[in-house]
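Notes follow the structure.
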Amino acid sequence: MTARQIELDGTTLTLDEVVAIARADADHRPVVALAEPARLLTRTVRRYVEENWLSDDAPAIYGINTGLGRLKDSRVHNEDLLRYQQLILNSHSAGVGEPLSQEEVRAVLVLRVNALAKGNSGLREECLDRLLAMLNAGVHPVIPSQGSVGASGDLAPLAHLVSAMVGHPQAEAFYQDRRLPAQEALAAAGLAPTFELAPKDVICMINGSTVSLAIAMLGLADALRIARGADVALALSLEAMRGEVAAFDRRIHEARNSESQQLVAANVRTLVAGSGRCTEAAREIQLPDEIRHGAYQARVQDAYALRCAPQVHGASRDLLGFARTLLEREANAATDNPLVFPEEDGSYVVLSGGNFHGEPIAFAADMTAMAVSEIGSISERRSYRLTEPGMSYGLPLNLVGGQLGLNTGFSLVHCSAAALASENKTLCFPASVDSIPTKANQEDHVSMSTHGSRKMRRIVENTWYILGIELILAAQGVDLSAPLLAGAALAPATQRAFDLVRATLPATAEDHFQSPDMYAAADLVRSGRLDAEFAEVLV
């Protein structure tokens with residue numbers, strides 16, 4: 001079977017392609033190649049750089065023949081340019097912390113090549129080929145996750161990437177899940193253990209907020225999956241609590257002028273269509289733990305965590321949509337400095353600017369963080385309602401299935417959701433509004449995009465568990481109330497969701513060791529199985 005090939009041209013890379021390259025297992029990874037027009041443009045620009053700017057009588061050009069940062073006025077002579085490349089790597093390989101995951105490193109590799117493929121950088125095509133060879137062979141540099149402020153790009157982490165690329169004696173890389181000295185990893189993959197850099201190569205490859213971007217794009221892909229999974233969890237909670245569904249009427253949501261809100265409401269209507277539980281007849285049945293004062297009265301409307309979910313889920317989707325626009329735009333941007341541009345007479349001009357600044361990525365990460373946190377926050381409120389008889393309309397306290405007192409039920413399962421939701425709130429302080437001057441105040445305003453992307457992914461990881469917990473509790477509520485509701489059936493779609501949960505987590509009456517179930521339920525959402533189950537009906 002021929003592997004799928006994805007060509008990088010600097011202009012058309014999508015979120016879905018980045019995810020496919022980063023996350024496909026080793027046996028099914030797409031082959032990534034440089035598009036021929038991008039190769040020819042890279043070659044043309046590099047030829048001009050070599051013929052005009054790599055001599056001692058060339059004008060001072062930042063990063064080519066000058067120092068970096070506040071050292072921009074210090075000239076580097078032509079005889080020192082090769083050594084300068086190595087010294088830049090030495091000085092900039094200053095990251096700390098746990099390494100990026102291998103999927104994040106793969107995303108960094110493809111995004112960095114795509115940015116350089118625009119032809120505005122002036123590096124050699126051999127550098128792009130080397131990075132792609134590492135990507136396709138599965139050689140993943142060890143990149144410390146901390147040490148960047150997202151200003152002159154992610155200088156420190158990208159320097160670690162390039163250090164592994166050239167086979168620096170102190171660099172490391174993962175190959176076939178083994179952490180090895182970079183030279184050993186490269187040789188094991190059939191690549192030359194060392195690679196020689198030429199003038200301007202290093203500054204092109206380390207300048208740009210590509211690590212921030214890679215982490216943010218993978219986090220956004222997960223966030224979009226969370227947004228769809230949240231609609232399923234909501235529908236199952238509605239079934240467990242015999243929810244009122246008039247709040248999802250099409251007319252209400254059309255009146256709000258929010259397309260995303262309308263889509264969420266439509267999803268819920270699809271999921272609960274045909275339900276025998278979300279009906280007045282089912283609500284008339286009094287469960288043993290349900291408190292009523294006098295004769296039954298129609299519920300009229302539910303609490304916000306149920307009836308306002310389209311407004312919350314929908315607004316979150318709006319933020320995620322805008323974040324996607326920002327990140328896909330950034331994925332196809334030239335972000336190093338200086339950049340090279342053609343003139344009308346066939347010559348080229350080099351211009352210093354600030355495309356490396358990670359502000360768009362920082363904003364996108366912060367928006368994604370807030371959107372996902374709110375999805376988790378309202379999910380946690382539904383989970384809490386499921387455990388409290390006065391709020392769940394009679395479901396047993398703590399959803400205890402056996403003897404009350406002897407069994408504690410699911411109160412601590414919900415407590416984990418509450419802990420995670422509260423942690424998310426503290427992580428939502430926007431990184432993009434923070435700044436700290438660096439490099440002798442040359443970089444006097446920074447984006448903190450790397451930090452923003454990293455903490456956004458933490459929020460996403462927490463929210464897998466929050467949604468998984470809601471699925472656990474909603475399924476338990478359905479099980480406990482089913483014998484008392486005179487055969488009121490789940491809707492066909494929510495029955496599928498319930499069956500998927502129960503296929504993973506069999507029902508139990510007595511208390512059991514909870515943690516494995518929580519991991520498994522989170523994985524239903526994380527793995528895409530919940531998504532796949534409803535791919536044909538949900539938007």
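So you can find residues: chains in the structure tokens are A, B, ... in the order shown, residues in each start at 1, and ligands are numbered from 1 in order.
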
DSSP helix (DSSP H, G or I) selection over stretch 116-186 of chain A, as a PyMOL selection string = chain A and resi 116+125-137+155-166+182-186

Stretch 135-143 of chain A surroundings by only C-alpha atoms, 9 Å radius, close-in-sequence under 4 positions cut, as a PDB file with N, CA, C and O atoms, in the first residue's frame:
```pdb
ATOM      1  N   ILE A  21       0.041  14.232  10.136  1.00  0.00           N
ATOM      2  CA  ILE A  21       1.489  14.024  10.133  1.00  0.00           C
ATOM      3  C   ILE A  21       2.002  13.759  11.548  1.00  0.00           C
ATOM      4  O   ILE A  21       2.846  12.893  11.768  1.00  0.00           O
ATOM      5  N   ALA A  26       3.457   4.819  13.375  1.00  0.00           N
ATOM      6  CA  ALA A  26       4.672   4.718  12.557  1.00  0.00           C
ATOM      7  C   ALA A  26       4.437   3.982  11.248  1.00  0.00           C
ATOM      8  O   ALA A  26       5.129   4.238  10.254  1.00  0.00           O
ATOM      9  N   ARG A  29       2.229   6.669   8.622  1.00  0.00           N
ATOM     10  CA  ARG A  29       2.528   8.088   8.525  1.00  0.00           C
ATOM     11  C   ARG A  29       2.575   8.548   7.076  1.00  0.00           C
ATOM     12  O   ARG A  29       3.143   7.862   6.228  1.00  0.00           O
ATOM     13  N   PRO A  30       1.996   9.717   6.798  1.00  0.00           N
ATOM     14  CA  PRO A  30       2.146  10.263   5.452  1.00  0.00           C
ATOM     15  C   PRO A  30       3.607  10.590   5.175  1.00  0.00           C
ATOM     16  O   PRO A  30       4.366  10.928   6.086  1.00  0.00           O
ATOM     17  N   VAL A  31       3.992  10.472   3.932  1.00  0.00           N
ATOM     18  CA  VAL A  31       5.320  10.929   3.508  1.00  0.00           C
ATOM     19  C   VAL A  31       5.214  12.421   3.219  1.00  0.00           C
ATOM     20  O   VAL A  31       4.335  12.852   2.476  1.00  0.00           O
ATOM     21  N   VAL A  32       6.096  13.196   3.825  1.00  0.00           N
ATOM     22  CA  VAL A  32       6.040  14.646   3.666  1.00  0.00           C
ATOM     23  C   VAL A  32       7.185  15.075   2.756  1.00  0.00           C
ATOM     24  O   VAL A  32       8.339  14.677   2.951  1.00  0.00           O
ATOM     25  N   ALA A  33       6.857  15.875   1.750  1.00  0.00           N
ATOM     26  CA  ALA A  33       7.853  16.298   0.762  1.00  0.00           C
ATOM     27  C   ALA A  33       7.736  17.794   0.520  1.00  0.00           C
ATOM     28  O   ALA A  33       6.707  18.419   0.816  1.00  0.00           O
ATOM     29  N   GLY A  95      17.184  25.509  26.705  1.00  0.00           N
ATOM     30  CA  GLY A  95      15.877  25.140  27.219  1.00  0.00           C
ATOM     31  C   GLY A  95      15.990  24.223  28.425  1.00  0.00           C
ATOM     32  O   GLY A  95      17.017  23.590  28.659  1.00  0.00           O
ATOM     33  N   VAL A  96      14.915  24.151  29.200  1.00  0.00           N
ATOM     34  CA  VAL A  96      14.848  23.279  30.366  1.00  0.00           C
ATOM     35  C   VAL A  96      13.473  22.611  30.397  1.00  0.00           C
ATOM     36  O   VAL A  96      12.585  22.950  29.620  1.00  0.00           O
ATOM     37  N   GLY A  97      13.301  21.691  31.318  1.00  0.00           N
ATOM     38  CA  GLY A  97      11.991  21.081  31.514  1.00  0.00           C
ATOM     39  C   GLY A  97      11.821  19.779  30.769  1.00  0.00           C
ATOM     40  O   GLY A  97      12.704  19.320  30.053  1.00  0.00           O
ATOM     41  N   GLU A  98      10.651  19.187  30.963  1.00  0.00           N
ATOM     42  CA  GLU A  98      10.335  17.931  30.298  1.00  0.00           C
ATOM     43  C   GLU A  98      10.338  18.114  28.784  1.00  0.00           C
ATOM     44  O   GLU A  98       9.936  19.157  28.280  1.00  0.00           O
ATOM     45  N   PRO A  99      10.778  17.095  28.047  1.00  0.00           N
ATOM     46  CA  PRO A  99      10.769  17.223  26.584  1.00  0.00           C
ATOM     47  C   PRO A  99       9.350  17.306  26.033  1.00  0.00           C
ATOM     48  O   PRO A  99       8.404  16.767  26.616  1.00  0.00           O
ATOM     49  N   LEU A 100       9.219  17.965  24.905  1.00  0.00           N
ATOM     50  CA  LEU A 100       7.957  17.904  24.167  1.00  0.00           C
ATOM     51  C   LEU A 100       7.663  16.463  23.795  1.00  0.00           C
ATOM     52  O   LEU A 100       8.564  15.646  23.613  1.00  0.00           O
ATOM     53  N   SER A 101       6.381  16.156  23.668  1.00  0.00           N
ATOM     54  CA  SER A 101       6.002  14.818  23.211  1.00  0.00           C
ATOM     55  C   SER A 101       6.460  14.628  21.762  1.00  0.00           C
ATOM     56  O   SER A 101       6.702  15.597  21.037  1.00  0.00           O
ATOM     57  N   GLN A 102       6.543  13.379  21.350  1.00  0.00           N
ATOM     58  CA  GLN A 102       7.003  13.118  19.990  1.00  0.00           C
ATOM     59  C   GLN A 102       6.007  13.637  18.959  1.00  0.00           C
ATOM     60  O   GLN A 102       6.404  14.091  17.879  1.00  0.00           O
ATOM     61  N   GLU A 103       4.714  13.612  19.267  1.00  0.00           N
ATOM     62  CA  GLU A 103       3.758  14.171  18.305  1.00  0.00           C
ATOM     63  C   GLU A 103       3.927  15.684  18.203  1.00  0.00           C
ATOM     64  O   GLU A 103       3.785  16.255  17.115  1.00  0.00           O
ATOM     65  N   VAL A 105       6.774  17.267  18.581  1.00  0.00           N
ATOM     66  CA  VAL A 105       8.002  17.476  17.807  1.00  0.00           C
ATOM     67  C   VAL A 105       7.731  17.274  16.316  1.00  0.00           C
ATOM     68  O   VAL A 105       8.227  18.033  15.474  1.00  0.00           O
ATOM     69  N   ARG A 106       6.941  16.282  15.976  1.00  0.00           N
ATOM     70  CA  ARG A 106       6.606  16.065  14.560  1.00  0.00           C
ATOM     71  C   ARG A 106       5.854  17.271  13.992  1.00  0.00           C
ATOM     72  O   ARG A 106       6.092  17.692  12.861  1.00  0.00           O
ATOM     73  N   LEU A 109       8.374  20.019  13.353  1.00  0.00           N
ATOM     74  CA  LEU A 109       9.165  19.786  12.141  1.00  0.00           C
ATOM     75  C   LEU A 109       8.405  20.186  10.889  1.00  0.00           C
ATOM     76  O   LEU A 109       8.925  20.904  10.023  1.00  0.00           O
ATOM     77  N   VAL A 110       7.167  19.746  10.766  1.00  0.00           N
ATOM     78  CA  VAL A 110       6.430  20.038   9.537  1.00  0.00           C
ATOM     79  C   VAL A 110       6.091  21.522   9.443  1.00  0.00           C
ATOM     80  O   VAL A 110       6.161  22.124   8.361  1.00  0.00           O
ATOM     81  N   ARG A 130      16.885  17.909   5.024  1.00  0.00           N
ATOM     82  CA  ARG A 130      17.346  17.235   6.240  1.00  0.00           C
ATOM     83  C   ARG A 130      16.226  17.139   7.269  1.00  0.00           C
ATOM     84  O   ARG A 130      16.002  16.085   7.874  1.00  0.00           O
ATOM     85  N   LEU A 131      15.499  18.237   7.476  1.00  0.00           N
ATOM     86  CA  LEU A 131      14.388  18.213   8.424  1.00  0.00           C
ATOM     87  C   LEU A 131      13.313  17.235   7.983  1.00  0.00           C
ATOM     88  O   LEU A 131      12.749  16.491   8.808  1.00  0.00           O
ATOM     89  N   ALA A 156      15.066  29.070  21.970  1.00  0.00           N
ATOM     90  CA  ALA A 156      15.733  27.980  22.692  1.00  0.00           C
ATOM     91  C   ALA A 156      15.238  26.603  22.237  1.00  0.00           C
ATOM     92  O   ALA A 156      16.049  25.734  21.880  1.00  0.00           O
ATOM     93  N   PRO A 157      13.936  26.356  22.226  1.00  0.00           N
ATOM     94  CA  PRO A 157      13.509  25.017  21.800  1.00  0.00           C
ATOM     95  C   PRO A 157      13.880  24.695  20.355  1.00  0.00           C
ATOM     96  O   PRO A 157      14.264  23.561  20.044  1.00  0.00           O
ATOM     97  N   LEU A 158      13.803  25.686  19.467  1.00  0.00           N
ATOM     98  CA  LEU A 158      14.165  25.415  18.075  1.00  0.00           C
ATOM     99  C   LEU A 158      15.668  25.194  17.928  1.00  0.00           C
ATOM    100  O   LEU A 158      16.106  24.436  17.052  1.00  0.00           O
ATOM    101  N   ALA A 159      16.470  25.829  18.775  1.00  0.00           N
ATOM    102  CA  ALA A 159      17.912  25.569  18.738  1.00  0.00           C
ATOM    103  C   ALA A 159      18.197  24.127  19.130  1.00  0.00           C
ATOM    104  O   ALA A 159      19.101  23.485  18.564  1.00  0.00           O
ATOM    105  N   HIS A 160      17.436  23.585  20.074  1.00  0.00           N
ATOM    106  CA  HIS A 160      17.612  22.178  20.432  1.00  0.00           C
ATOM    107  C   HIS A 160      17.243  21.276  19.249  1.00  0.00           C
ATOM    108  O   HIS A 160      17.899  20.258  19.003  1.00  0.00           O
ATOM    109  N   LEU A 161      16.191  21.658  18.516  1.00  0.00           N
ATOM    110  CA  LEU A 161      15.824  20.889  17.329  1.00  0.00           C
ATOM    111  C   LEU A 161      16.963  20.885  16.312  1.00  0.00           C
ATOM    112  O   LEU A 161      17.348  19.831  15.790  1.00  0.00           O
ATOM    113  N   VAL A 162      17.506  22.075  16.021  1.00  0.00           N
ATOM    114  CA  VAL A 162      18.558  22.164  15.010  1.00  0.00           C
ATOM    115  C   VAL A 162      19.832  21.488  15.507  1.00  0.00           C
ATOM    116  O   VAL A 162      20.579  20.891  14.710  1.00  0.00           O
ATOM    117  N   SER A 163      20.097  21.545  16.809  1.00  0.00           N
ATOM    118  CA  SER A 163      21.272  20.858  17.348  1.00  0.00           C
ATOM    119  C   SER A 163      21.193  19.356  17.088  1.00  0.00           C
ATOM    120  O   SER A 163      22.201  18.715  16.746  1.00  0.00           O
ATOM    121  N   ALA A 164      20.006  18.793  17.244  1.00  0.00           N
ATOM    122  CA  ALA A 164      19.844  17.368  16.921  1.00  0.00           C
ATOM    123  C   ALA A 164      19.975  17.137  15.422  1.00  0.00           C
ATOM    124  O   ALA A 164      20.565  16.144  14.966  1.00  0.00           O
ATOM    125  N   MET A 165      19.454  18.062  14.637  1.00  0.00           N
ATOM    126  CA  MET A 165      19.518  17.952  13.175  1.00  0.00           C
ATOM    127  C   MET A 165      20.960  17.859  12.678  1.00  0.00           C
ATOM    128  O   MET A 165      21.277  17.089  11.763  1.00  0.00           O
ATOM    129  N   ALA A 171      23.425  16.901  21.793  1.00  0.00           N
ATOM    130  CA  ALA A 171      21.995  16.835  21.457  1.00  0.00           C
ATOM    131  C   ALA A 171      21.499  15.397  21.524  1.00  0.00           C
ATOM    132  O   ALA A 171      22.267  14.443  21.376  1.00  0.00           O
ATOM    133  N   GLU A 172      20.194  15.269  21.723  1.00  0.00           N
ATOM    134  CA  GLU A 172      19.566  13.957  21.805  1.00  0.00           C
ATOM    135  C   GLU A 172      18.344  13.913  20.889  1.00  0.00           C
ATOM    136  O   GLU A 172      17.794  14.949  20.504  1.00  0.00           O
ATOM    137  N   ALA A 173      17.913  12.688  20.586  1.00  0.00           N
ATOM    138  CA  ALA A 173      16.706  12.498  19.771  1.00  0.00           C
ATOM    139  C   ALA A 173      16.074  11.165  20.147  1.00  0.00           C
ATOM    140  O   ALA A 173      16.749  10.235  20.608  1.00  0.00           O
ATOM    141  N   PHE A 174      14.761  11.096  19.944  1.00  0.00           N
ATOM    142  CA  PHE A 174      14.051   9.832  20.090  1.00  0.00           C
ATOM    143  C   PHE A 174      14.012   9.129  18.729  1.00  0.00           C
ATOM    144  O   PHE A 174      13.740   9.756  17.705  1.00  0.00           O
ATOM    145  N   TYR A 175      14.274   7.845  18.758  1.00  0.00           N
ATOM    146  CA  TYR A 175      14.105   7.035  17.558  1.00  0.00           C
ATOM    147  C   TYR A 175      13.559   5.687  17.989  1.00  0.00           C
ATOM    148  O   TYR A 175      14.137   5.011  18.843  1.00  0.00           O
ATOM    149  N   GLN A 176      12.410   5.313  17.407  1.00  0.00           N
ATOM    150  CA  GLN A 176      11.721   4.084  17.787  1.00  0.00           C
ATOM    151  C   GLN A 176      11.550   4.010  19.300  1.00  0.00           C
ATOM    152  O   GLN A 176      11.800   2.974  19.941  1.00  0.00           O
ATOM    153  N   ARG A 179      15.445   7.053  23.614  1.00  0.00           N
ATOM    154  CA  ARG A 179      16.126   8.341  23.709  1.00  0.00           C
ATOM    155  C   ARG A 179      17.624   8.096  23.564  1.00  0.00           C
ATOM    156  O   ARG A 179      18.227   7.403  24.393  1.00  0.00           O
ATOM    157  N   ALA A 182      21.943  12.242  19.585  1.00  0.00           N
ATOM    158  CA  ALA A 182      21.402  12.570  18.263  1.00  0.00           C
ATOM    159  C   ALA A 182      22.131  11.836  17.151  1.00  0.00           C
ATOM    160  O   ALA A 182      21.501  11.335  16.206  1.00  0.00           O
ATOM    161  N   ALA A 185      20.893   8.274  16.958  1.00  0.00           N
ATOM    162  CA  ALA A 185      19.530   8.195  16.439  1.00  0.00           C
ATOM    163  C   ALA A 185      19.514   8.405  14.932  1.00  0.00           C
ATOM    164  O   ALA A 185      18.822   7.679  14.193  1.00  0.00           O
ATOM    165  N   LEU A 186      20.266   9.378  14.455  1.00  0.00           N
ATOM    166  CA  LEU A 186      20.323   9.649  13.014  1.00  0.00           C
ATOM    167  C   LEU A 186      20.913   8.461  12.264  1.00  0.00           C
ATOM    168  O   LEU A 186      20.384   8.039  11.227  1.00  0.00           O
ATOM    169  N   ALA A 189      18.601   5.526  11.938  1.00  0.00           N
ATOM    170  CA  ALA A 189      17.537   5.748  10.948  1.00  0.00           C
ATOM    171  C   ALA A 189      18.071   5.762   9.522  1.00  0.00           C
ATOM    172  O   ALA A 189      17.311   5.991   8.574  1.00  0.00           O
ATOM    173  N   GLY A 190      19.367   5.539   9.371  1.00  0.00           N
ATOM    174  CA  GLY A 190      19.955   5.525   8.036  1.00  0.00           C
ATOM    175  C   GLY A 190      20.318   6.890   7.509  1.00  0.00           C
ATOM    176  O   GLY A 190      20.545   7.052   6.301  1.00  0.00           O
ATOM    177  N   LEU A 191      20.407   7.881   8.379  1.00  0.00           N
ATOM    178  CA  LEU A 191      20.774   9.234   7.975  1.00  0.00           C
ATOM    179  C   LEU A 191      22.207   9.524   8.395  1.00  0.00           C
ATOM    180  O   LEU A 191      22.722   8.931   9.344  1.00  0.00           O
TER     181      LEU A 191
END
```

Near stretch 378-394 of chain A, counting only C-alpha atoms, which residues have an atom at most 7 Å away, once you skip same-chain residues fewer than 2 positions from it, shown as a list of chain:residue names?
-> A:Met241, A:Leu287, A:Pro288, A:Asp289, A:Glu290, A:Ile291, A:Ala305, A:Glu374, A:Ile375, A:Gly376, A:Pro396, A:Leu397, A:Asn398, A:Leu399, A:Ser411, A:His414, A:Ala417, A:Ala418, A:Ala421, A:Ile466, A:Leu467, A:Glu470, A:Leu473, A:Ala474, A:Gly477

Which of these, A:Thr270, A:Asn52, A:Ser237, A:Thr408, has the shortest distance to A:Arg307 once you count only C-alpha atoms?
->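 Closest to A:Arg307 of all the choices is A:Ser237.
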
May I have a table of the residues of stretch 203-296 of chain A lying at most 8 Å from stretch 490-514 of chain A, giving each one's closest pair of atoms and their distance in Å to one decimal, counting only C-alpha atoms, ordered by chain and ascending residue number, as a tab-separated table?
```
residue	atom	partner	partner_atom	distance
A:Val232	CA	A:Ala497	CA	7.3
A:Ala235	CA	A:Thr494	CA	6.8
A:Leu236	CA	A:Thr494	CA	6.0
A:Glu239	CA	A:Leu490	CA	6.7
A:Thr270	CA	A:Ala493	CA	7.5
A:Leu271	CA	A:Ala493	CA	5.0
A:Val272	CA	A:Ala491	CA	5.2
A:Ala273	CA	A:Ala491	CA	5.8
A:Gly274	CA	A:Ala491	CA	4.8
A:Ser275	CA	A:Ala491	CA	3.8
A:Gly276	CA	A:Leu490	CA	5.9
A:Arg277	CA	A:Leu490	CA	6.2
```

Proximity check stretch 189-297 of chain A to stretch 321-327 of chain A, 12 Å, nearest pairs one decimal Å, only C-alpha atoms, as a Markdown table:
```
| residue | atom | partner | partner_atom | distance |
| --- | --- | --- | --- | --- |
| A:Ser209 | CA | A:Leu327 | CA | 11.3 |
| A:Thr210 | CA | A:Leu327 | CA | 10.6 |
| A:Ser212 | CA | A:Leu327 | CA | 10.2 |
| A:Leu213 | CA | A:Leu327 | CA | 7.0 |
| A:Ala214 | CA | A:Leu327 | CA | 9.2 |
| A:Ile215 | CA | A:Leu327 | CA | 10.6 |
| A:Ala216 | CA | A:Leu327 | CA | 7.8 |
| A:Met217 | CA | A:Leu327 | CA | 6.7 |
| A:Leu218 | CA | A:Leu327 | CA | 10.4 |
| A:Gly219 | CA | A:Arg324 | CA | 10.7 |
| A:Leu220 | CA | A:Arg324 | CA | 7.3 |
| A:Ala221 | CA | A:Arg324 | CA | 8.8 |
| A:Asp222 | CA | A:Arg324 | CA | 11.8 |
| A:Ala223 | CA | A:Gly321 | CA | 10.5 |
| A:Leu224 | CA | A:Gly321 | CA | 8.8 |
| A:Ala227 | CA | A:Gly321 | CA | 11.1 |
| A:Glu259 | CA | A:Gly321 | CA | 11.5 |
| A:Ser260 | CA | A:Gly321 | CA | 9.4 |
```

Please save all heavy atoms of the selected residues as a CSV table (one decimal), in the first residue's frame.
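This went into again-v2.csv:
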```csv
chain,number,residue,atom,x,y,z
A,209,SER,N,7.9,31.4,16.1
A,209,SER,CA,7.2,30.8,17.2
A,209,SER,C,6.5,29.5,16.8
A,209,SER,O,5.4,29.2,17.1
A,209,SER,CB,6.1,31.8,17.8
A,209,SER,OG,6.8,32.9,18.3
A,210,THR,N,7.4,28.6,16.3
A,210,THR,CA,6.8,27.4,15.7
A,210,THR,C,6.5,26.3,16.7
A,210,THR,O,5.6,25.5,16.6
A,210,THR,CB,7.8,26.8,14.7
A,210,THR,OG1,8.1,27.8,13.7
A,210,THR,CG2,7.3,25.6,13.9
A,212,SER,N,5.4,27.0,19.8
A,212,SER,CA,4.1,27.5,20.3
A,212,SER,C,3.0,27.1,19.4
A,212,SER,O,1.9,26.6,19.8
A,212,SER,CB,4.1,29.1,20.4
A,212,SER,OG,5.2,29.5,21.1
A,213,LEU,N,3.2,27.3,18.1
A,213,LEU,CA,2.2,26.9,17.1
A,213,LEU,C,1.9,25.5,17.0
A,213,LEU,O,0.7,25.1,17.0
A,213,LEU,CB,2.7,27.4,15.7
A,213,LEU,CG,1.8,27.1,14.5
A,213,LEU,CD1,0.4,27.8,14.7
A,213,LEU,CD2,2.5,27.6,13.2
A,214,ALA,N,2.9,24.6,17.1
A,214,ALA,CA,2.7,23.2,17.0
A,214,ALA,C,1.9,22.7,18.2
A,214,ALA,O,0.9,21.9,18.0
A,214,ALA,CB,4.0,22.5,17.0
A,215,ILE,N,2.2,23.1,19.4
A,215,ILE,CA,1.5,22.7,20.6
A,215,ILE,C,0.0,23.2,20.5
A,215,ILE,O,-0.9,22.5,20.8
A,215,ILE,CB,2.2,23.3,21.9
A,215,ILE,CG1,3.6,22.7,22.0
A,215,ILE,CG2,1.3,23.0,23.1
A,215,ILE,CD1,4.4,23.4,23.1
A,216,ALA,N,-0.1,24.5,20.1
A,216,ALA,CA,-1.5,25.1,20.0
A,216,ALA,C,-2.3,24.4,19.0
A,216,ALA,O,-3.5,24.1,19.2
A,216,ALA,CB,-1.4,26.6,19.6
A,217,MET,N,-1.8,24.0,17.8
A,217,MET,CA,-2.6,23.3,16.8
A,217,MET,C,-3.1,22.0,17.2
A,217,MET,O,-4.2,21.6,17.0
A,217,MET,CB,-1.8,23.2,15.5
A,217,MET,CG,-1.6,24.6,14.8
A,217,MET,SD,-1.0,24.5,13.1
A,217,MET,CE,-2.5,24.3,12.2
A,218,LEU,N,-2.2,21.2,17.9
A,218,LEU,CA,-2.6,19.9,18.4
A,218,LEU,C,-3.6,20.1,19.5
A,218,LEU,O,-4.6,19.3,19.6
A,218,LEU,CB,-1.4,19.1,18.9
A,218,LEU,CG,-0.4,18.7,17.8
A,218,LEU,CD1,0.8,18.0,18.4
A,218,LEU,CD2,-1.0,17.8,16.7
A,219,GLY,N,-3.4,21.1,20.4
A,219,GLY,CA,-4.4,21.3,21.4
A,219,GLY,C,-5.8,21.7,20.8
A,219,GLY,O,-6.8,21.3,21.3
A,220,LEU,N,-5.8,22.5,19.8
A,220,LEU,CA,-7.0,23.0,19.1
A,220,LEU,C,-7.7,21.8,18.5
A,220,LEU,O,-9.0,21.7,18.6
A,220,LEU,CB,-6.7,24.0,18.1
A,220,LEU,CG,-7.9,24.5,17.2
A,220,LEU,CD1,-9.0,25.1,18.1
A,220,LEU,CD2,-7.5,25.4,16.1
A,221,ALA,N,-7.0,20.9,17.9
A,221,ALA,CA,-7.6,19.7,17.3
A,221,ALA,C,-8.4,18.9,18.4
A,221,ALA,O,-9.5,18.4,18.2
A,221,ALA,CB,-6.6,18.8,16.6
A,222,ASP,N,-7.7,18.8,19.5
A,222,ASP,CA,-8.4,18.1,20.6
A,222,ASP,C,-9.6,18.9,21.2
A,222,ASP,O,-10.6,18.3,21.5
A,222,ASP,CB,-7.4,17.9,21.8
A,222,ASP,CG,-6.3,16.9,21.4
A,222,ASP,OD1,-6.5,16.1,20.5
A,222,ASP,OD2,-5.2,17.0,22.1
A,223,ALA,N,-9.4,20.2,21.2
A,223,ALA,CA,-10.5,21.0,21.7
A,223,ALA,C,-11.8,20.9,20.8
A,223,ALA,O,-12.9,20.9,21.3
A,223,ALA,CB,-10.1,22.5,21.7
A,224,LEU,N,-11.6,20.8,19.5
A,224,LEU,CA,-12.7,20.6,18.6
A,224,LEU,C,-13.4,19.3,18.9
A,224,LEU,O,-14.6,19.1,18.8
A,224,LEU,CB,-12.2,20.7,17.1
A,224,LEU,CG,-11.7,22.1,16.7
A,224,LEU,CD1,-11.0,22.0,15.4
A,224,LEU,CD2,-12.9,23.1,16.6
A,227,ALA,N,-15.5,19.7,22.0
A,227,ALA,CA,-16.7,20.4,21.7
A,227,ALA,C,-17.8,19.5,21.2
A,227,ALA,O,-19.0,19.6,21.6
A,227,ALA,CB,-16.5,21.5,20.7
A,259,GLU,N,-24.7,31.1,14.7
A,259,GLU,CA,-24.7,29.8,14.0
A,259,GLU,C,-24.2,28.7,14.9
A,259,GLU,O,-24.8,27.6,14.8
A,259,GLU,CB,-23.9,29.9,12.7
A,259,GLU,CG,-23.8,28.7,11.9
A,259,GLU,CD,-23.0,28.9,10.6
A,259,GLU,OE1,-22.6,30.0,10.3
A,259,GLU,OE2,-22.8,27.8,10.0
A,260,SER,N,-23.2,28.9,15.6
A,260,SER,CA,-22.7,27.8,16.5
A,260,SER,C,-23.7,27.4,17.5
A,260,SER,O,-23.8,26.2,17.8
A,260,SER,CB,-21.4,28.2,17.1
A,260,SER,OG,-20.4,28.5,16.2
```

Between A:Val149, A:Thr463, A:Glu330, A:Ala198, which has the minimum distance to A:Asp80 (counting only C-alpha atoms)?
->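 Selected residue with least distance to A:Asp80: A:Ala198.
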
Between atom CA of A:Leu132 and atom CA of A:Val113, measure the distance and give it in Å to one decimal.
->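 Computing the Euclidean distance for atom CA of A:Leu132 and atom CA of A:Val113 yields 7.6 Å.
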
Just how far from atom CA of A:Cys204 is atom CA of A:Asp336, in Å to one decimal?
->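 For atom CA of A:Asp336 relative to atom CA of A:Cys204, the distance reads 5.7 Å.
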
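Nearest to A:Val19 of all the residues A:Glu344, A:Glu104, A:Glu280, A:Glu461 is A:Glu104, based on only C-alpha atoms.
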
How many Å separate atom CA of A:Gln301 from atom CA of A:Gly243?
-> 8.6 Å

Give me the residues within 8 Å of A:Asn424 as a list in words, counting only C-alpha atoms and dropping any in the same chain fewer than 5 places off.
->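 In the requested form, the answer reads Ser373, Ile459 and Asn462 of chain A.
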
8 Å contact set for stretch 529-531 of chain A, only C-alpha atoms, chain neighbours under 4 positions out, as a ChimeraX atom specification | /A:225,228-229,497,500,524-525,535

From A:Asn332, A:Gln403, A:Ser432, A:Thr66, residue lying nearest A:Leu13 [only C-alpha atoms] =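 The answer is A:Asn332, which sits nearest to A:Leu13.
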
Give me the residues within 12 Å of A:Asp57 as a list of chain:residue names, counting only C-alpha atoms and dropping any in the same chain fewer than 3 places off.
-> A:Glu51, A:Asn52, A:Trp53, A:Leu54, A:Ala60, A:Ile61, A:Asn65, A:Arg75, A:Val76, A:His77, A:Asn78
